[in-house]
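Note sheet for the following structure.
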Amino acid sequence: MTTAVTATDAAPLTLTDVRKTYLARGREPFEAVKGMSMDIRPGELIALLGPSGCGKTTTLRMIAGLETVTSGAIAIGDRQVQDLPPGKRDIGVGFESYALYPPLNVRENLAYGLKARRVRGAARQVDQLAARLEMSDLLDQRPASLSSGQKQRVALARALIRNPRVLLLDEPLSHLDAAQRQRVRRELKVLQREFGYTTIVVTHDQLEALSLADRMAVMNAGVIEQFGTPDEIYDDPANMFVADFVGEPKINLFEGTAVRRSGGTVVRAGRDGRLAAYAPAATDGQAVTVGLRPQDARPAHDDEPALAARVVVYEDFMEFGLATLEVPGVDGRIVAQLPHGVRWRRGETRRIAARPDRVYLFDTETGTRIR
Ligand SMILES: Nc1ncnc2c1ncn2[C@@H]1O[C@H](COP(=O)(O)OP(=O)(O)OP(=O)(O)O)[C@@H](O)[C@H]1O
């Protein structure tokens, strides 16, 4: 292969206190991105994850140069790019809405950039990439005849084949069906590794983010709530928002009171529930919000602090079961994901517990983690 679709000259990407305020006539100024800072290493794959409207697309568009930056700096390598036009930034953009040339078929669309750069073997590179993204059958079609999922794969291929220093993808797999989505997601990760592009993927699909990313930024209302590896985000959430947003089924959150003993911390919850927690910073008597992931709840041993709960419903998914539980005095229900074969029955009372370091305590007012 020639230089185009082989390892690239990967560059670090740095965002320093980047802000975006949208100004629209007759409306209050709206700050959509409120001081984003990220140091992204060469070749790293970053996922931006967050609820609708949190500023993910705005961030990506500012990096691409499709949106101006209100303040702050964006650097690719040692070059400040925030004032450069999009074409001068050496960025590949796989946005869904990014125009393909309608008169050209998909093959010509993909080869276009390679030919302009006089890359040898362009046709073969297009064929190889198309095969890997499961779109060989689309090569002779015109963009107008493609479905949204097909357009998405073409946009992805077009971004990849440009051999950019930085690759930006906005919801690149959202229109694919479940099976194809899994396969293209894996291939995307393989391609990204092979070519070494510094990549940012915007997604609101947490599985996509957790499985693709080297590190991910969880965003909320224009700020980064936590930036870390998928393990850090899932196992060590910085606050209640991150714990609540990431994880499926959702984390259980309920009110409790920390009790400090020489042996450690126990939280009381409900009428007579207790759970051992590892939280040296908790003070005795402190009102807290307890976070317990369904995957971390397990049947309690006889001699450990536990929550006694009535089984409201038990759903058997074969690989695991989901028990929905009511704990006397605890608002809302608690879900526990139990190993295959446990099979609790509706109406039974069961005791659940968890490893103390998997019982998270949060400041109820601020949402901050109490460690
Ligand atoms: N051109 C614009 N003018 C004014 N407000 C805008 C403009 N573009 C986006 N916004 C607002 O900025 C906020 C962030 O939008 P953005 O598209 O970046 O969010 P997002 O996280 O990508 O959301 P989604 O997942 O729904 O695409 C939203 O409240 C949106 O309404």
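Ligands are numbered from 1 in the order shown, chains are lettered A, B, ... in the order of the structure tokens, and residues start at 1 in each chain.
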Picked from stretch 187-328 of chain A by DSSP as alpha helix (DSSP H), as a PyMOL selection string:
chain A and resi 187-195+206-212+230-235+240-245
Could you please extract the residues within 9 Å of ligand 1, counting only C-alpha atoms and all ligand atoms, and hand them back as number ranges by chain?
A: 20-24, 29-33, 48-61, 67, 170-171, 202-204, 219-222
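Between atom CA of A:Arg107 and atom CA of A:Glu187 lies a distance of 19.6 Å.
Put simply, atom CA of A:Met240 is 28.4 Å away from atom CA of A:Met62.
Proximity to A:Glu248 was assessed for A:Ala47, A:Met216, A:Ile161, A:Ala336 counting only C-alpha atoms; the smallest distance is recorded for A:Ala336.
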Find the spatial neighbours of stretch 285-294 of chain A, counting only C-alpha atoms, within a cut-off of 7 Å - ignore same-chain residues fewer than 3 positions away - and output them as a PDB file with N, CA and C atoms, in the first residue's frame.
```
ATOM      1  N   PRO A 249     -28.076  -2.009  33.473  1.00  0.00           N
ATOM      2  CA  PRO A 249     -29.123  -1.104  33.941  1.00  0.00           C
ATOM      3  C   PRO A 249     -28.539   0.005  34.819  1.00  0.00           C
ATOM      4  N   ILE A 251     -27.562   2.706  37.652  1.00  0.00           N
ATOM      5  CA  ILE A 251     -27.161   2.558  39.053  1.00  0.00           C
ATOM      6  C   ILE A 251     -28.360   2.856  39.973  1.00  0.00           C
ATOM      7  N   ASN A 252     -28.438   2.160  41.113  1.00  0.00           N
ATOM      8  CA  ASN A 252     -29.446   2.477  42.135  1.00  0.00           C
ATOM      9  C   ASN A 252     -28.930   3.638  42.969  1.00  0.00           C
ATOM     10  N   LEU A 253     -29.758   4.646  43.169  1.00  0.00           N
ATOM     11  CA  LEU A 253     -29.383   5.788  44.020  1.00  0.00           C
ATOM     12  C   LEU A 253     -30.444   5.933  45.096  1.00  0.00           C
ATOM     13  N   PHE A 254     -30.018   5.950  46.349  1.00  0.00           N
ATOM     14  CA  PHE A 254     -30.995   6.107  47.434  1.00  0.00           C
ATOM     15  C   PHE A 254     -30.340   6.805  48.620  1.00  0.00           C
ATOM     16  N   GLU A 255     -31.195   7.374  49.472  1.00  0.00           N
ATOM     17  CA  GLU A 255     -30.684   8.163  50.598  1.00  0.00           C
ATOM     18  C   GLU A 255     -30.191   7.252  51.713  1.00  0.00           C
ATOM     19  N   GLY A 256     -29.158   7.720  52.420  1.00  0.00           N
ATOM     20  CA  GLY A 256     -28.617   6.950  53.535  1.00  0.00           C
ATOM     21  C   GLY A 256     -27.894   7.862  54.513  1.00  0.00           C
ATOM     22  N   THR A 257     -27.408   7.274  55.591  1.00  0.00           N
ATOM     23  CA  THR A 257     -26.641   8.019  56.597  1.00  0.00           C
ATOM     24  C   THR A 257     -25.341   7.265  56.863  1.00  0.00           C
ATOM     25  N   ALA A 258     -24.224   8.001  56.787  1.00  0.00           N
ATOM     26  CA  ALA A 258     -22.927   7.354  57.036  1.00  0.00           C
ATOM     27  C   ALA A 258     -22.725   7.170  58.535  1.00  0.00           C
ATOM     28  N   VAL A 259     -22.232   6.019  58.932  1.00  0.00           N
ATOM     29  CA  VAL A 259     -21.898   5.751  60.333  1.00  0.00           C
ATOM     30  C   VAL A 259     -20.439   5.313  60.353  1.00  0.00           C
ATOM     31  N   ALA A 282     -16.048  10.182  54.637  1.00  0.00           N
ATOM     32  CA  ALA A 282     -17.403  10.386  55.158  1.00  0.00           C
ATOM     33  C   ALA A 282     -17.321  10.701  56.661  1.00  0.00           C
ATOM     34  N   ALA A 297     -24.547  -5.568  43.248  1.00  0.00           N
ATOM     35  CA  ALA A 297     -25.385  -6.119  44.323  1.00  0.00           C
ATOM     36  C   ALA A 297     -25.321  -7.640  44.241  1.00  0.00           C
ATOM     37  N   VAL A 335     -32.595  -2.378  41.897  1.00  0.00           N
ATOM     38  CA  VAL A 335     -32.436  -3.467  40.935  1.00  0.00           C
ATOM     39  C   VAL A 335     -31.112  -4.166  41.216  1.00  0.00           C
ATOM     40  N   ALA A 336     -31.149  -5.482  41.255  1.00  0.00           N
ATOM     41  CA  ALA A 336     -29.929  -6.272  41.439  1.00  0.00           C
ATOM     42  C   ALA A 336     -29.783  -7.225  40.267  1.00  0.00           C
ATOM     43  N   GLN A 337     -28.591  -7.254  39.683  1.00  0.00           N
ATOM     44  CA  GLN A 337     -28.335  -8.186  38.585  1.00  0.00           C
ATOM     45  C   GLN A 337     -27.631  -9.407  39.160  1.00  0.00           C
ATOM     46  N   ARG A 358     -17.403  -0.974  46.229  1.00  0.00           N
ATOM     47  CA  ARG A 358     -18.361  -0.802  45.139  1.00  0.00           C
ATOM     48  C   ARG A 358     -19.635  -0.116  45.623  1.00  0.00           C
ATOM     49  N   VAL A 359     -19.654   0.299  46.860  1.00  0.00           N
ATOM     50  CA  VAL A 359     -20.794   1.070  47.381  1.00  0.00           C
ATOM     51  C   VAL A 359     -20.337   2.536  47.387  1.00  0.00           C
ATOM     52  N   TYR A 360     -20.877   3.328  46.461  1.00  0.00           N
ATOM     53  CA  TYR A 360     -20.421   4.715  46.313  1.00  0.00           C
ATOM     54  C   TYR A 360     -21.257   5.643  47.179  1.00  0.00           C
ATOM     55  N   LEU A 361     -20.595   6.603  47.791  1.00  0.00           N
ATOM     56  CA  LEU A 361     -21.326   7.621  48.545  1.00  0.00           C
ATOM     57  C   LEU A 361     -21.153   8.971  47.865  1.00  0.00           C
ATOM     58  N   PHE A 362     -22.265   9.720  47.762  1.00  0.00           N
ATOM     59  CA  PHE A 362     -22.230  11.039  47.139  1.00  0.00           C
ATOM     60  C   PHE A 362     -22.812  12.065  48.084  1.00  0.00           C
ATOM     61  N   ASP A 363     -22.280  13.279  47.995  1.00  0.00           N
ATOM     62  CA  ASP A 363     -22.881  14.408  48.685  1.00  0.00           C
ATOM     63  C   ASP A 363     -24.230  14.687  48.009  1.00  0.00           C
ATOM     64  N   THR A 364     -25.300  14.606  48.771  1.00  0.00           N
ATOM     65  CA  THR A 364     -26.631  14.707  48.176  1.00  0.00           C
ATOM     66  C   THR A 364     -26.842  16.077  47.530  1.00  0.00           C
TER      67      THR A 364
END
```
Selected residue, from A:Ile200, A:Leu176, A:Ala111, A:Leu104, that lies nearest to A:Ala64 when counting only C-alpha atoms:
A:Ile200
Near-A:Ser136 list (12 Å; only C-alpha atoms; drop same-chain fewer than 5 positions) as an mmCIF file with C-alpha atoms, in the first residue's frame:
```
data_model
loop_
_atom_site.group_PDB
_atom_site.id
_atom_site.type_symbol
_atom_site.label_atom_id
_atom_site.label_comp_id
_atom_site.auth_asym_id
_atom_site.auth_seq_id
_atom_site.Cartn_x
_atom_site.Cartn_y
_atom_site.Cartn_z
ATOM 1 C CA VAL A 106 -19.465 6.261 -4.143
ATOM 2 C CA ARG A 107 -16.245 4.876 -5.649
ATOM 3 C CA LEU A 110 -13.914 8.001 -2.141
ATOM 4 C CA ARG A 124 -7.228 -0.686 -4.782
ATOM 5 C CA GLN A 125 -7.313 1.293 -1.541
ATOM 6 C CA VAL A 126 -10.924 2.231 -2.124
ATOM 7 C CA ASP A 127 -11.809 -1.421 -2.755
ATOM 8 C CA GLN A 128 -9.990 -2.601 0.371
ATOM 9 C CA LEU A 129 -11.536 -0.027 2.654
ATOM 10 C CA ALA A 130 -15.008 -0.607 1.189
ATOM 11 C CA ALA A 131 -14.702 -4.336 1.859
ATOM 12 C CA GLN A 141 -24.211 3.805 -6.538
ATOM 13 C CA GLN A 150 -25.375 3.394 3.827
ATOM 14 C CA ARG A 153 -20.704 4.117 6.096
ATOM 15 C CA VAL A 154 -19.717 6.125 3.010
ATOM 16 C CA ALA A 157 -14.961 5.707 4.620
#
```
Restricting to only C-alpha atoms, whichever of A:Ala308, A:Ile233, A:Ala122, A:Leu66 is closest to A:Leu210 is A:Ile233
Mind checking which residues fall within 10 Å of A:Ala276, counting only C-alpha atoms, ignoring those fewer than 6 positions away in the same chain, and posting them as a ChimeraX atom specification?
/A:258-259,263-268,304-306,353-359
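Here atom CA of A:Ala243 is placed at a distance of 16.1 Å from atom CA of A:Arg215.
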Taking into account only C-alpha atoms, which residue in the set A:Arg41, A:Lys151, A:Arg298, A:Arg25 is nearest to A:Asp214?
A:Arg41
